[in-house]
$ cat target20.cif   # mmCIF, C-alpha atoms and all ligand atoms
data_protein
loop_
_atom_site.label_atom_id
_atom_site.label_comp_id
_atom_site.auth_asym_id
_atom_site.auth_seq_id
_atom_site.Cartn_x
_atom_site.Cartn_y
_atom_site.Cartn_z
CA MET A 4 105.46 120.00 28.55
CA LYS A 5 103.84 122.69 30.71
CA VAL A 6 101.08 121.42 32.98
CA LEU A 7 98.53 123.19 35.19
CA VAL A 8 96.77 121.14 37.90
CA ILE A 9 93.51 122.48 39.31
CA GLY A 10 92.71 121.73 42.95
CA GLY A 11 94.46 121.78 46.28
CA GLY A 12 94.05 118.50 48.13
CA ALA A 13 96.27 115.50 48.80
CA ARG A 14 95.15 114.00 45.49
CA GLU A 15 96.47 117.07 43.67
CA HIS A 16 99.66 116.90 45.72
CA ALA A 17 100.09 113.27 44.61
CA LEU A 18 99.40 114.25 40.98
CA CYS A 19 101.85 117.16 41.19
CA ARG A 20 104.49 114.98 42.85
CA SER A 21 104.28 112.41 40.03
CA LEU A 22 104.25 115.13 37.36
CA SER A 23 107.25 116.86 38.97
CA LEU A 24 109.19 113.59 38.72
CA ASP A 25 108.30 113.21 35.01
CA PRO A 26 111.25 114.26 32.80
CA ASP A 27 108.81 115.46 30.10
CA VAL A 28 107.36 118.12 32.42
CA ASN A 29 109.42 121.32 32.35
CA ALA A 30 106.93 123.63 34.05
CA LEU A 31 104.37 122.67 36.66
CA TYR A 32 101.69 124.96 38.03
CA CYS A 33 98.88 124.34 40.51
CA ALA A 34 95.86 126.49 41.31
CA PRO A 35 95.02 127.10 44.05
CA GLY A 36 97.27 124.38 45.58
CA ASN A 37 98.31 124.17 49.23
CA ALA A 38 101.42 124.55 51.40
CA GLY A 39 102.85 121.17 50.37
CA ILE A 40 102.16 121.48 46.65
CA ALA A 41 104.08 124.77 46.72
CA GLU A 42 107.26 122.70 47.13
CA VAL A 43 106.83 120.99 43.74
CA ALA A 44 104.70 123.41 41.68
CA GLU A 45 104.28 127.15 41.21
CA LEU A 46 100.99 128.17 42.84
CA HIS A 47 98.45 130.58 41.40
CA PRO A 48 95.26 131.73 43.10
CA VAL A 49 92.09 130.89 41.18
CA ASP A 50 88.43 130.19 41.81
CA ALA A 51 88.56 126.55 40.71
CA LEU A 52 84.80 126.52 40.05
CA ASN A 53 85.03 129.37 37.55
CA GLY A 54 85.77 127.92 34.10
CA THR A 55 86.47 131.32 32.54
CA ALA A 56 89.03 132.12 35.23
CA VAL A 57 90.71 128.72 34.92
CA ALA A 58 90.87 128.94 31.11
CA ARG A 59 92.30 132.48 31.34
CA LEU A 60 94.99 131.35 33.79
CA ALA A 61 95.89 128.37 31.57
CA ALA A 62 96.22 130.69 28.55
CA GLU A 63 98.32 133.22 30.49
CA LEU A 64 100.67 130.47 31.65
CA GLY A 65 100.83 129.02 28.14
CA VAL A 66 100.31 125.46 29.36
CA ASP A 67 100.02 122.42 27.10
CA LEU A 68 97.68 120.53 29.43
CA VAL A 69 95.27 121.29 32.26
CA VAL A 70 94.49 118.49 34.74
CA VAL A 71 91.31 119.07 36.76
CA GLY A 72 91.47 117.25 40.11
CA PRO A 73 88.18 117.63 42.04
CA GLU A 74 84.60 116.86 41.04
CA GLY A 75 83.20 120.33 41.82
CA PRO A 76 84.95 122.07 38.89
CA LEU A 77 84.25 119.14 36.55
CA VAL A 78 80.52 119.15 37.29
CA ALA A 79 80.60 122.95 36.90
CA GLY A 80 82.02 122.60 33.36
CA VAL A 81 85.58 123.80 33.93
CA ALA A 82 87.00 121.20 31.50
CA ASP A 83 84.55 122.45 28.83
CA SER A 84 85.75 126.05 29.30
CA VAL A 85 89.42 125.02 29.04
CA ARG A 86 88.80 123.02 25.86
CA ALA A 87 86.70 125.87 24.40
CA ALA A 88 89.82 128.06 24.81
CA GLY A 89 91.74 125.60 22.63
CA ILE A 90 93.77 124.07 25.48
CA LEU A 91 94.01 120.32 26.10
CA CYS A 92 92.33 119.23 29.32
CA PHE A 93 92.37 116.00 31.30
CA GLY A 94 88.89 115.72 32.83
CA PRO A 95 85.39 115.01 31.56
CA SER A 96 82.84 117.54 30.29
CA ALA A 97 80.07 118.70 32.63
CA ALA A 98 77.68 116.39 30.78
CA ALA A 99 79.87 113.32 31.27
CA ALA A 100 80.73 114.29 34.88
CA GLN A 101 77.05 113.81 35.71
CA LEU A 102 78.14 110.21 36.20
CA GLU A 103 79.37 111.50 39.57
CA GLY A 104 77.19 114.61 39.85
CA SER A 105 73.91 112.68 39.88
CA LYS A 106 73.50 109.21 41.37
CA ALA A 107 70.22 108.86 39.44
CA PHE A 108 72.03 109.60 36.14
CA ALA A 109 74.71 107.03 37.00
CA LYS A 110 72.02 104.42 37.67
CA ASP A 111 70.42 105.20 34.31
CA VAL A 112 73.72 104.80 32.46
CA MET A 113 74.44 101.53 34.27
CA ALA A 114 70.99 100.16 33.43
CA ALA A 115 71.47 101.05 29.74
CA ALA A 116 74.98 99.57 29.66
CA GLY A 117 74.08 96.41 31.58
CA VAL A 118 76.54 97.24 34.36
CA PRO A 119 75.90 95.30 37.61
CA THR A 120 74.89 97.58 40.50
CA ALA A 121 72.54 97.66 43.50
CA ARG A 122 68.82 97.72 42.68
CA SER A 123 67.52 101.18 43.50
CA HIS A 124 64.63 103.63 43.54
CA VAL A 125 64.88 107.36 42.90
CA CYS A 126 62.47 109.12 45.30
CA THR A 127 61.19 112.69 45.52
CA THR A 128 58.21 112.32 47.92
CA PRO A 129 57.86 110.97 51.48
CA GLU A 130 55.49 108.26 50.14
CA GLU A 131 58.11 107.06 47.64
CA VAL A 132 60.76 107.12 50.38
CA ASP A 133 58.65 104.96 52.71
CA ALA A 134 57.80 102.52 49.96
CA ALA A 135 61.47 102.14 48.94
CA LEU A 136 62.73 101.73 52.53
CA ASP A 137 60.06 99.12 53.10
CA ALA A 138 60.86 97.29 49.85
CA PHE A 139 64.59 96.94 50.52
CA GLY A 140 64.55 96.55 54.32
CA ALA A 141 67.57 96.97 56.64
CA PRO A 142 70.41 97.82 56.41
CA TYR A 143 69.09 100.93 54.67
CA VAL A 144 71.21 102.72 52.04
CA VAL A 145 70.10 106.31 51.43
CA LYS A 146 72.00 108.58 49.02
CA ASP A 147 71.55 112.26 48.33
CA ASP A 148 71.28 112.51 44.53
CA GLY A 149 73.76 115.40 44.20
CA LEU A 150 77.42 115.99 45.07
CA ALA A 151 78.13 115.74 48.80
CA ALA A 152 81.91 115.18 49.16
CA GLY A 153 81.41 111.55 50.12
CA LYS A 154 79.14 112.55 52.99
CA GLY A 155 75.67 112.36 51.38
CA VAL A 156 75.34 108.63 51.96
CA VAL A 157 73.80 107.10 55.07
CA VAL A 158 73.98 103.34 55.64
CA THR A 159 72.08 102.37 58.78
CA GLU A 160 69.98 99.71 60.50
CA ASP A 161 67.90 102.51 62.01
CA LEU A 162 64.73 103.15 60.00
CA ALA A 163 64.09 106.54 61.61
CA ALA A 164 67.63 107.74 60.78
CA ALA A 165 67.33 106.45 57.21
CA ARG A 166 63.98 108.20 56.79
CA ALA A 167 65.26 111.47 58.30
CA HIS A 168 68.23 111.57 55.91
CA ALA A 169 66.01 110.73 52.93
CA LEU A 170 63.57 113.52 53.79
CA SER A 171 66.43 116.03 54.14
CA CYS A 172 67.36 115.50 50.45
CA SER A 173 65.29 116.93 47.62
CA ARG A 174 65.97 113.88 45.44
CA VAL A 175 67.24 110.70 46.95
CA VAL A 176 68.36 107.28 45.75
CA ILE A 177 67.40 104.41 48.05
CA GLU A 178 69.00 101.12 47.24
CA GLU A 179 69.72 97.53 48.10
CA TYR A 180 72.51 96.95 50.62
CA LEU A 181 75.64 95.39 49.09
CA ASP A 182 77.62 93.16 51.40
CA GLY A 183 81.32 92.55 50.75
CA PRO A 184 84.71 94.22 50.63
CA GLU A 185 85.02 97.44 48.64
CA VAL A 186 87.54 98.11 45.88
CA SER A 187 88.33 101.33 44.05
CA LEU A 188 89.43 100.80 40.48
CA PHE A 189 90.42 103.77 38.33
CA ALA A 190 90.72 103.89 34.57
CA ILE A 191 92.17 106.57 32.34
CA THR A 192 90.12 106.99 29.17
CA ASP A 193 89.96 109.25 26.13
CA GLY A 194 86.31 108.35 25.59
CA VAL A 195 87.11 105.28 23.47
CA THR A 196 90.19 103.47 24.77
CA VAL A 197 90.18 102.51 28.46
CA LEU A 198 93.40 101.96 30.42
CA PRO A 199 92.81 100.51 33.90
CA LEU A 200 95.09 101.41 36.81
CA GLN A 201 95.83 99.10 39.76
CA PRO A 202 93.07 98.55 42.35
CA ALA A 203 93.17 100.12 45.79
CA GLN A 204 91.07 99.96 48.93
CA ASP A 205 89.82 103.02 50.74
CA PHE A 206 88.70 103.28 54.40
CA LYS A 207 85.57 105.42 54.35
CA ARG A 208 84.56 105.36 57.99
CA ALA A 209 86.08 107.79 60.48
CA LEU A 210 87.05 105.29 63.19
CA ASP A 211 89.02 102.07 63.58
CA GLY A 212 87.13 98.88 62.78
CA ASP A 213 84.99 100.72 60.20
CA GLU A 214 83.01 102.46 62.92
CA GLY A 215 81.74 106.04 62.95
CA PRO A 216 80.43 108.27 60.18
CA ASN A 217 81.36 108.16 56.49
CA THR A 218 84.17 110.51 55.48
CA GLY A 219 85.94 111.42 52.24
CA GLY A 220 88.39 108.57 53.06
CA MET A 221 90.76 108.02 55.99
CA GLY A 222 93.44 105.89 54.33
CA ALA A 223 94.15 103.50 51.47
CA TYR A 224 96.48 100.79 50.25
CA SER A 225 97.46 99.03 47.04
CA PRO A 226 97.83 96.29 45.83
CA LEU A 227 95.07 94.08 47.23
CA PRO A 228 96.67 90.73 48.06
CA TRP A 229 93.27 89.17 48.79
CA ALA A 230 91.64 90.10 45.48
CA ASP A 231 91.11 87.74 42.55
CA PRO A 232 93.95 88.33 40.05
CA LYS A 233 91.30 88.51 37.31
CA LEU A 234 89.46 91.38 39.03
CA VAL A 235 90.83 94.15 36.79
CA ASP A 236 90.02 92.25 33.58
CA GLU A 237 86.56 91.42 34.86
CA VAL A 238 85.77 95.02 35.82
CA MET A 239 87.14 96.26 32.49
CA GLU A 240 84.77 93.97 30.63
CA LEU A 241 81.67 94.28 32.84
CA VAL A 242 81.91 97.89 34.02
CA LEU A 243 84.52 100.26 32.61
CA GLN A 244 84.38 99.64 28.87
CA PRO A 245 80.54 99.33 28.71
CA THR A 246 80.15 102.58 30.68
CA VAL A 247 82.60 104.48 28.45
CA ASP A 248 80.85 103.03 25.36
CA GLU A 249 77.41 104.02 26.64
CA LEU A 250 78.45 107.63 27.33
CA ARG A 251 79.98 107.89 23.85
CA ARG A 252 76.78 106.43 22.36
CA ARG A 253 74.79 109.18 24.13
CA GLY A 254 76.95 111.84 22.49
CA THR A 255 78.62 112.78 25.78
CA PRO A 256 81.93 110.88 25.67
CA PHE A 257 83.73 110.54 28.99
CA ALA A 258 87.41 111.53 28.70
CA GLY A 259 89.37 111.66 31.93
CA LEU A 260 89.52 109.45 34.98
CA LEU A 261 86.67 107.03 35.51
CA TYR A 262 86.53 105.81 39.10
CA ALA A 263 84.56 102.65 39.81
CA GLY A 264 83.72 102.10 43.49
CA LEU A 265 82.93 98.40 43.70
CA ALA A 266 81.57 95.90 46.21
CA ILE A 267 82.80 92.32 45.86
CA THR A 268 79.63 90.51 46.93
CA GLY A 269 78.84 86.80 47.16
CA ARG A 270 76.77 87.23 44.00
CA GLY A 271 79.52 88.97 42.04
CA THR A 272 81.10 92.39 41.62
CA ARG A 273 78.69 95.34 41.82
CA VAL A 274 79.20 99.08 41.26
CA ILE A 275 78.54 101.14 44.40
CA GLU A 276 79.28 104.47 42.73
CA PHE A 277 81.12 106.16 39.92
CA ASN A 278 83.30 109.20 40.32
CA ALA A 279 84.54 111.38 37.48
CA ARG A 280 88.02 112.04 38.89
CA PHE A 281 90.89 110.44 40.78
CA GLY A 282 89.88 109.23 44.25
CA ASP A 283 91.33 110.73 47.38
CA PRO A 284 93.16 109.05 49.19
CA GLU A 285 93.43 106.09 46.75
CA THR A 286 95.37 108.17 44.20
CA GLN A 287 98.18 108.61 46.72
CA VAL A 288 98.85 104.84 46.78
CA VAL A 289 98.09 104.12 43.12
CA LEU A 290 100.45 106.82 41.83
CA ALA A 291 103.11 105.75 44.35
CA ARG A 292 103.25 102.45 42.42
CA LEU A 293 102.95 103.79 38.85
CA GLN A 294 106.28 103.70 37.03
CA THR A 295 105.13 104.98 33.63
CA PRO A 296 105.67 108.76 33.54
CA LEU A 297 102.25 110.31 34.17
CA ALA A 298 102.16 113.40 31.96
CA GLY A 299 102.23 111.56 28.62
CA VAL A 300 99.37 109.28 29.65
CA LEU A 301 97.18 112.20 30.74
CA LEU A 302 98.10 114.13 27.58
CA ARG A 303 97.15 111.25 25.29
CA ALA A 304 93.84 110.83 27.12
CA ALA A 305 93.16 114.54 26.57
CA GLN A 306 94.19 114.28 22.89
CA GLY A 307 92.16 111.17 22.13
CA THR A 308 95.24 109.09 21.27
CA LEU A 309 95.28 106.68 24.20
CA ASP A 310 95.27 103.73 21.76
CA THR A 311 98.96 104.50 21.12
CA GLU A 312 99.84 104.17 24.83
CA PRO A 313 101.84 101.02 25.73
CA PRO A 314 100.65 99.07 28.81
CA LEU A 315 101.30 100.91 32.06
CA ARG A 316 104.26 99.76 34.17
CA TRP A 317 103.83 99.15 37.89
CA SER A 318 106.23 98.75 40.78
CA GLU A 319 106.11 95.45 42.70
CA GLU A 320 106.11 97.46 45.90
CA ALA A 321 103.11 98.05 48.13
CA ALA A 322 101.89 101.49 49.18
CA VAL A 323 99.90 102.68 52.20
CA THR A 324 98.54 106.12 53.01
CA VAL A 325 97.15 107.27 56.36
CA VAL A 326 95.04 110.43 56.53
CA VAL A 327 95.60 112.81 59.43
CA ALA A 328 92.38 114.76 59.98
CA SER A 329 91.51 117.79 62.08
CA HIS A 330 89.73 117.82 65.38
CA ASN A 331 86.00 117.15 64.84
CA TYR A 332 86.24 115.91 61.21
CA PRO A 333 83.91 114.97 59.45
CA GLU A 334 81.65 117.38 61.37
CA THR A 335 82.72 121.05 61.32
CA PRO A 336 86.51 120.64 61.53
CA ARG A 337 88.69 122.97 63.56
CA THR A 338 91.31 124.72 61.41
CA GLY A 339 94.23 127.10 61.94
CA ASP A 340 96.23 124.72 64.18
CA PRO A 341 100.00 124.63 63.57
CA ILE A 342 101.44 121.41 62.10
CA GLU A 343 104.85 120.30 63.34
CA GLY A 344 107.12 117.41 62.46
CA LEU A 345 107.02 117.77 58.65
CA ALA A 346 110.76 118.46 58.40
CA GLU A 347 111.53 115.44 60.61
CA VAL A 348 109.60 113.13 58.27
CA ALA A 349 111.48 114.53 55.27
CA ALA A 350 114.84 114.18 57.03
CA GLU A 351 114.33 110.80 58.73
CA ASP A 352 111.85 108.80 56.63
CA GLY A 353 112.37 109.90 53.03
CA PRO A 354 112.26 109.02 50.23
CA ASP A 355 109.99 105.99 50.84
CA ALA A 356 107.71 107.84 53.25
CA TYR A 357 106.47 111.34 52.58
CA VAL A 358 103.69 113.71 53.56
CA LEU A 359 101.16 114.82 50.98
CA HIS A 360 99.22 117.90 52.02
CA ALA A 361 95.43 118.16 51.88
CA GLY A 362 93.99 121.07 53.90
CA THR A 363 97.07 123.10 54.76
CA ARG A 364 98.25 126.64 54.25
CA ARG A 365 101.32 128.63 55.11
CA GLU A 366 101.05 131.27 57.84
CA GLY A 367 104.39 133.07 58.00
CA ALA A 368 106.99 130.40 58.71
CA ALA A 369 104.38 127.93 59.99
CA VAL A 370 102.18 125.43 58.14
CA VAL A 371 98.68 125.34 59.65
CA SER A 372 95.61 123.15 59.14
CA ALA A 373 93.04 124.55 56.71
CA GLY A 374 90.52 121.75 56.24
CA GLY A 375 89.04 118.49 57.51
CA ARG A 376 91.55 116.13 56.01
CA VAL A 377 94.92 117.78 56.62
CA LEU A 378 97.68 115.39 55.55
CA SER A 379 97.96 112.08 53.74
CA VAL A 380 101.07 110.33 54.99
CA THR A 381 102.21 107.90 52.30
CA ALA A 382 104.85 105.18 52.25
CA THR A 383 106.03 102.36 49.99
CA GLY A 384 107.66 99.11 51.06
CA SER A 385 108.39 95.59 49.89
CA ASP A 386 104.99 94.48 51.16
CA LEU A 387 101.96 96.02 52.86
CA ALA A 388 103.27 95.30 56.36
CA GLN A 389 106.46 97.22 55.64
CA ALA A 390 104.72 100.10 53.84
CA ARG A 391 102.30 100.38 56.75
CA GLU A 392 105.05 100.41 59.32
CA LYS A 393 106.86 103.21 57.49
CA ALA A 394 103.66 105.24 57.07
CA TYR A 395 102.74 104.99 60.77
CA LYS A 396 106.30 105.79 61.83
CA ALA A 397 106.02 109.03 59.86
CA VAL A 398 102.52 109.74 61.23
CA ALA A 399 103.95 109.46 64.76
CA ARG A 400 106.32 112.38 64.04
CA ILE A 401 103.46 114.72 63.09
CA ARG A 402 102.13 117.02 65.79
CA LEU A 403 98.75 118.66 65.18
CA ASP A 404 96.63 119.54 68.19
CA GLY A 405 93.40 117.52 68.38
CA SER A 406 94.15 115.58 65.20
CA GLN A 407 92.85 112.09 64.53
CA HIS A 408 93.82 109.18 62.31
CA ARG A 409 92.86 105.54 61.99
CA THR A 410 95.37 103.04 63.35
CA ASP A 411 94.14 100.05 61.30
CA ILE A 412 94.74 101.14 57.70
CA ALA A 413 95.78 98.05 55.66
CA ALA A 414 96.19 96.01 58.87
CA LYS A 415 93.88 93.19 57.81
CA ALA A 416 95.25 93.04 54.24
CA ALA A 417 98.79 92.90 55.66
CA GLY A 418 97.74 89.83 57.68
CA LEU A 419 98.07 91.64 61.00
CA ARG A 420 94.58 91.01 62.34
P1 LIG B 1 79.15 106.38 47.88
O1 LIG B 1 79.27 107.86 48.09
O2 LIG B 1 78.03 105.98 46.99
O3 LIG B 1 80.47 105.73 47.57
O4 LIG B 1 78.84 105.75 49.31
C1 LIG B 1 79.72 105.93 50.39
C2 LIG B 1 79.91 104.63 51.12
O5 LIG B 1 78.65 104.13 51.58
C3 LIG B 1 80.45 103.50 50.24
O6 LIG B 1 81.82 103.52 50.13
C4 LIG B 1 79.97 102.30 51.00
O7 LIG B 1 80.81 102.02 52.11
C5 LIG B 1 78.63 102.71 51.51
N1 LIG B 1 77.62 102.27 50.55
C6 LIG B 1 77.14 102.97 49.49
N2 LIG B 1 76.22 102.25 48.81
C7 LIG B 1 76.13 101.07 49.44
C8 LIG B 1 75.32 99.88 49.23
N3 LIG B 1 74.43 99.80 48.24
N4 LIG B 1 75.50 98.87 50.09
C9 LIG B 1 76.38 98.95 51.12
N5 LIG B 1 77.12 100.03 51.38
C10 LIG B 1 77.02 101.08 50.56
N1 LIG B 2 88.01 108.09 48.47
C1 LIG B 2 86.72 108.24 47.95
C2 LIG B 2 86.60 109.27 46.93
O1 LIG B 2 87.56 109.83 46.45
O2 LIG B 2 85.47 109.56 46.57
#
$ encode --input "target20.cif" --output "structure tokens"
Amino acid sequence: MKVLVIGGGAREHALCRSLSLDPDVNALYCAPGNAGIAEVAELHPVDALNGTAVARLAAELGVDLVVVGPEGPLVAGVADSVRAAGILCFGPSAAAAQLEGSKAFAKDVMAAAGVPTARSHVCTTPEEVDAALDAFGAPYVVKDDGLAAGKGVVVTEDLAAARAHALSCSRVVIEEYLDGPEVSLFAITDGVTVLPLQPAQDFKRALDGDEGPNTGGMGAYSPLPWADPKLVDEVMELVLQPTVDELRRRGTPFAGLLYAGLAITGRGTRVIEFNARFGDPETQVVLARLQTPLAGVLLRAAQGTLDTEPPLRWSEEAAVTVVVASHNYPETPRTGDPIEGLAEVAAEDGPDAYVLHAGTRREGAAVVSAGGRVLSVTATGSDLAQAREKAYKAVARIRLDGSQHRTDIAAKAAGLR
């Protein structure tokens, strides 16, 4: 099988790594990719938001399957363009990707499907904003309606800050605060059959102890030793299958990766958000534990034959990933700094610990930072404590001027604090 992956972050590096290890994949391409992905896939430049350009590249390469990684291209209709060219694509249509593209749309789907989520108001005027903030009280949860790379959400006790963020958005969702640990659960679906993956936990805040601003995600781990063993079945029944059924009923079936961001509250499991693609950095730890070869599963989801897929096989091992971010992330990050120590990790820590690249590019012989999140250092071990130790040992070998990372990824789940 020939596969083209669209995107160039650590999630796409994780996808390409798994696909490169799949014996059914005999050619692997990535566009635009990054310096790390270049080691496992042939890179091609492309404007990932341009469906015509992506479809043309897929046709030129003669691929059997296109896998679209990020939400931007999905919301822009890139999967529709690829399918219109007669090429199989893993990733939802623009219409179905509105589940991520518009928080108000997602709320509407959840209401229709009876999916438990925070009570909310969609506001477009200052009067509506004030009424909603007053109705829910602190802590305030204020979400820009559109795509914002995980940074459009403000959760704060400060009414003035909540109000200022709300007024800076043209359409805003204000909702009830959900208290409880968060879980990311992904499912692969062809629009009818839903195949859940293993749950992971993401660390959204920039600083240790869940302090600082929201980011795209600073680390993740899987499995979740503290979670109810029935969690996946429960979320399948209450969230994933009803949502997939509702989108099919509307005539906009969702085929691709459905990401449920959940809060485990005292009153039950609630959806915080949906995404229409693999999460980053959770994918790094989920795929590290997936033993079933990936390409066939993605192909069958794209073909609409997921009902023929046997249950997925998972490793008993635990996985941890730690994100190394640039100076000043998540504000305007500094880029162009050389990254050293990558060869040492490969030589000393492999194969259980490895570096997945996010924002990197090659500059002559050097690899330099090219984005906010730069690397996602991933490791597996017999339990979380061991996976964590291996991941942090590898992180310690990386040298990137001004870089930052959290030191407490998976610490609590590993029983260390
Ligand atoms: P989202 O982009 O919707 O995932 O929001 C980003 C982060 O904000 C989530 O991962 C949560 O940590 C936090 N958040 C979002 N909605 C809520 C809520 N209703 N209650 C508490 N925290 C929330
Ligand atoms: N890690 C959060 C996300 O991918 O949206």
$ closest_residue --input "target20.cif" --among "A:Gly282, A:Gly367, A:Gly36, A:Gly299" --to "ligand LIG 2 (chain B)" --atoms "all atoms listed in the file"
A:Gly282
$ residues_around --input "target20.cif" --residues "Ser123 of chain A" --least-positions-apart "6" --cutoff "8 Å" --atoms "all atoms listed in the file" --output "list in words"
Val176, Ile177, Glu178 and Glu179 of chain A
$ residues_around --input "target20.cif" --residues "segment 159-171 of chain A" --least-positions-apart "5" --cutoff "9 Å" --atoms "only C-alpha atoms" --output "PyMOL selection string"
chain A and resi 126-129+132-133+136+140-147+176-177
$ write_last_selection --input "target20.cif" --atoms "C-alpha atoms" --output "compact mmCIF listing (two decimals), in the frame of the given file"
# COMPACT_ATOMS: atom_id res chain seq x y z
CA CYS A 126 62.47 109.12 45.30
CA THR A 127 61.19 112.69 45.52
CA THR A 128 58.21 112.32 47.92
CA PRO A 129 57.86 110.97 51.48
CA VAL A 132 60.76 107.12 50.38
CA ASP A 133 58.65 104.96 52.71
CA LEU A 136 62.73 101.73 52.53
CA GLY A 140 64.55 96.55 54.32
CA ALA A 141 67.57 96.97 56.64
CA PRO A 142 70.41 97.82 56.41
CA TYR A 143 69.09 100.93 54.67
CA VAL A 144 71.21 102.72 52.04
CA VAL A 145 70.10 106.31 51.43
CA LYS A 146 72.00 108.58 49.02
CA ASP A 147 71.55 112.26 48.33
CA VAL A 176 68.36 107.28 45.75
CA ILE A 177 67.40 104.41 48.05
$ atom_distance --input "target20.cif" --atom1 "atom CA of Tyr224 of chain A" --atom2 "atom CA of Ser385 of chain A"
13.0 Å
$ closest_atom_pairs --input "target20.cif" --of "chain A" --to "ligand LIG 1 (chain B)" --cutoff "9 Å" --atoms "all atoms listed in the file" --output "tab-separated table"
residue	atom	partner	partner_atom	distance
A:Lys106	CA	B:LIG1	O2	7.9
A:Thr120	CA	B:LIG1	N3	8.1
A:Ala121	CA	B:LIG1	N3	5.5
A:Arg122	CA	B:LIG1	N3	8.2
A:Ser123	CA	B:LIG1	N3	8.5
A:Pro142	CA	B:LIG1	C9	8.1
A:Tyr143	CA	B:LIG1	N4	8.1
A:Val144	CA	B:LIG1	C8	5.7
A:Val145	CA	B:LIG1	N2	7.8
A:Lys146	CA	B:LIG1	O2	6.9
A:Asp147	CA	B:LIG1	O1	8.9
A:Leu150	CA	B:LIG1	O1	8.9
A:Ala151	CA	B:LIG1	O1	8.0
A:Ala152	CA	B:LIG1	O1	7.9
A:Gly153	CA	B:LIG1	O1	4.7
A:Lys154	CA	B:LIG1	O1	6.8
A:Gly155	CA	B:LIG1	O1	6.6
A:Val156	CA	B:LIG1	O4	5.3
A:Val157	CA	B:LIG1	O5	6.7
A:Val158	CA	B:LIG1	O5	6.2
A:Ile177	CA	B:LIG1	N3	8.4
A:Glu178	CA	B:LIG1	N3	5.7
A:Glu179	CA	B:LIG1	N3	5.2
A:Tyr180	CA	B:LIG1	N4	3.6
A:Leu181	CA	B:LIG1	N4	3.6
A:Asp182	CA	B:LIG1	C9	5.9
A:Gly183	CA	B:LIG1	C9	8.1
A:Pro184	CA	B:LIG1	O7	8.8
A:Glu185	CA	B:LIG1	O6	7.0
A:Val186	CA	B:LIG1	O6	8.9
A:Asp205	CA	B:LIG1	O6	8.0
A:Phe206	CA	B:LIG1	O6	8.1
A:Lys207	CA	B:LIG1	O6	6.0
A:Arg208	CA	B:LIG1	O7	7.7
A:Asn217	CA	B:LIG1	C2	6.6
A:Thr218	CA	B:LIG1	C1	8.2
A:Gly219	CA	B:LIG1	C1	8.5
A:Gly220	CA	B:LIG1	O6	8.8
A:Gly264	CA	B:LIG1	O3	6.4
A:Leu265	CA	B:LIG1	O6	8.3
A:Ala266	CA	B:LIG1	C9	7.8
A:Arg273	CA	B:LIG1	N3	8.9
A:Val274	CA	B:LIG1	N3	8.5
A:Ile275	CA	B:LIG1	N2	5.1
A:Glu276	CA	B:LIG1	O2	4.7
A:Phe277	CA	B:LIG1	O3	7.7
A:Asn278	CA	B:LIG1	O3	8.5
$ residues_near_point --input "target20.cif" --point "(108.1, 104.4, 41.0)" --cutoff "10 Å" --atoms "all atoms listed in the file" --output "compact mmCIF listing (two decimals) with C-alpha atoms, keeping the file's coordinate frame"
# COMPACT_ATOMS: atom_id res chain seq x y z
CA SER A 21 104.28 112.41 40.03
CA LEU A 24 109.19 113.59 38.72
CA LEU A 290 100.45 106.82 41.83
CA ALA A 291 103.11 105.75 44.35
CA ARG A 292 103.25 102.45 42.42
CA LEU A 293 102.95 103.79 38.85
CA GLN A 294 106.28 103.70 37.03
CA THR A 295 105.13 104.98 33.63
CA PRO A 296 105.67 108.76 33.54
CA ARG A 316 104.26 99.76 34.17
CA TRP A 317 103.83 99.15 37.89
CA SER A 318 106.23 98.75 40.78
CA GLU A 319 106.11 95.45 42.70
CA GLU A 320 106.11 97.46 45.90
CA THR A 383 106.03 102.36 49.99
$ closest_residue --input "target20.cif" --among "A:Ala109, A:Ala13, A:Ala399, A:Ala58" --to "ligand LIG 2 (chain B)" --atoms "all atoms listed in the file"
A:Ala13
$ closest_residue --input "target20.cif" --among "A:Val8, A:Ala279, A:Leu210, A:Leu18" --to "ligand LIG 2 (chain B)" --atoms "all atoms listed in the file"
A:Ala279
$ residues_around --input "target20.cif" --residues "Leu241 of chain A" --least-positions-apart "6" --cutoff "12 Å" --atoms "only C-alpha atoms" --output "number ranges by chain"
A: 113, 116-120, 234-235, 247-248, 263, 265, 271-274
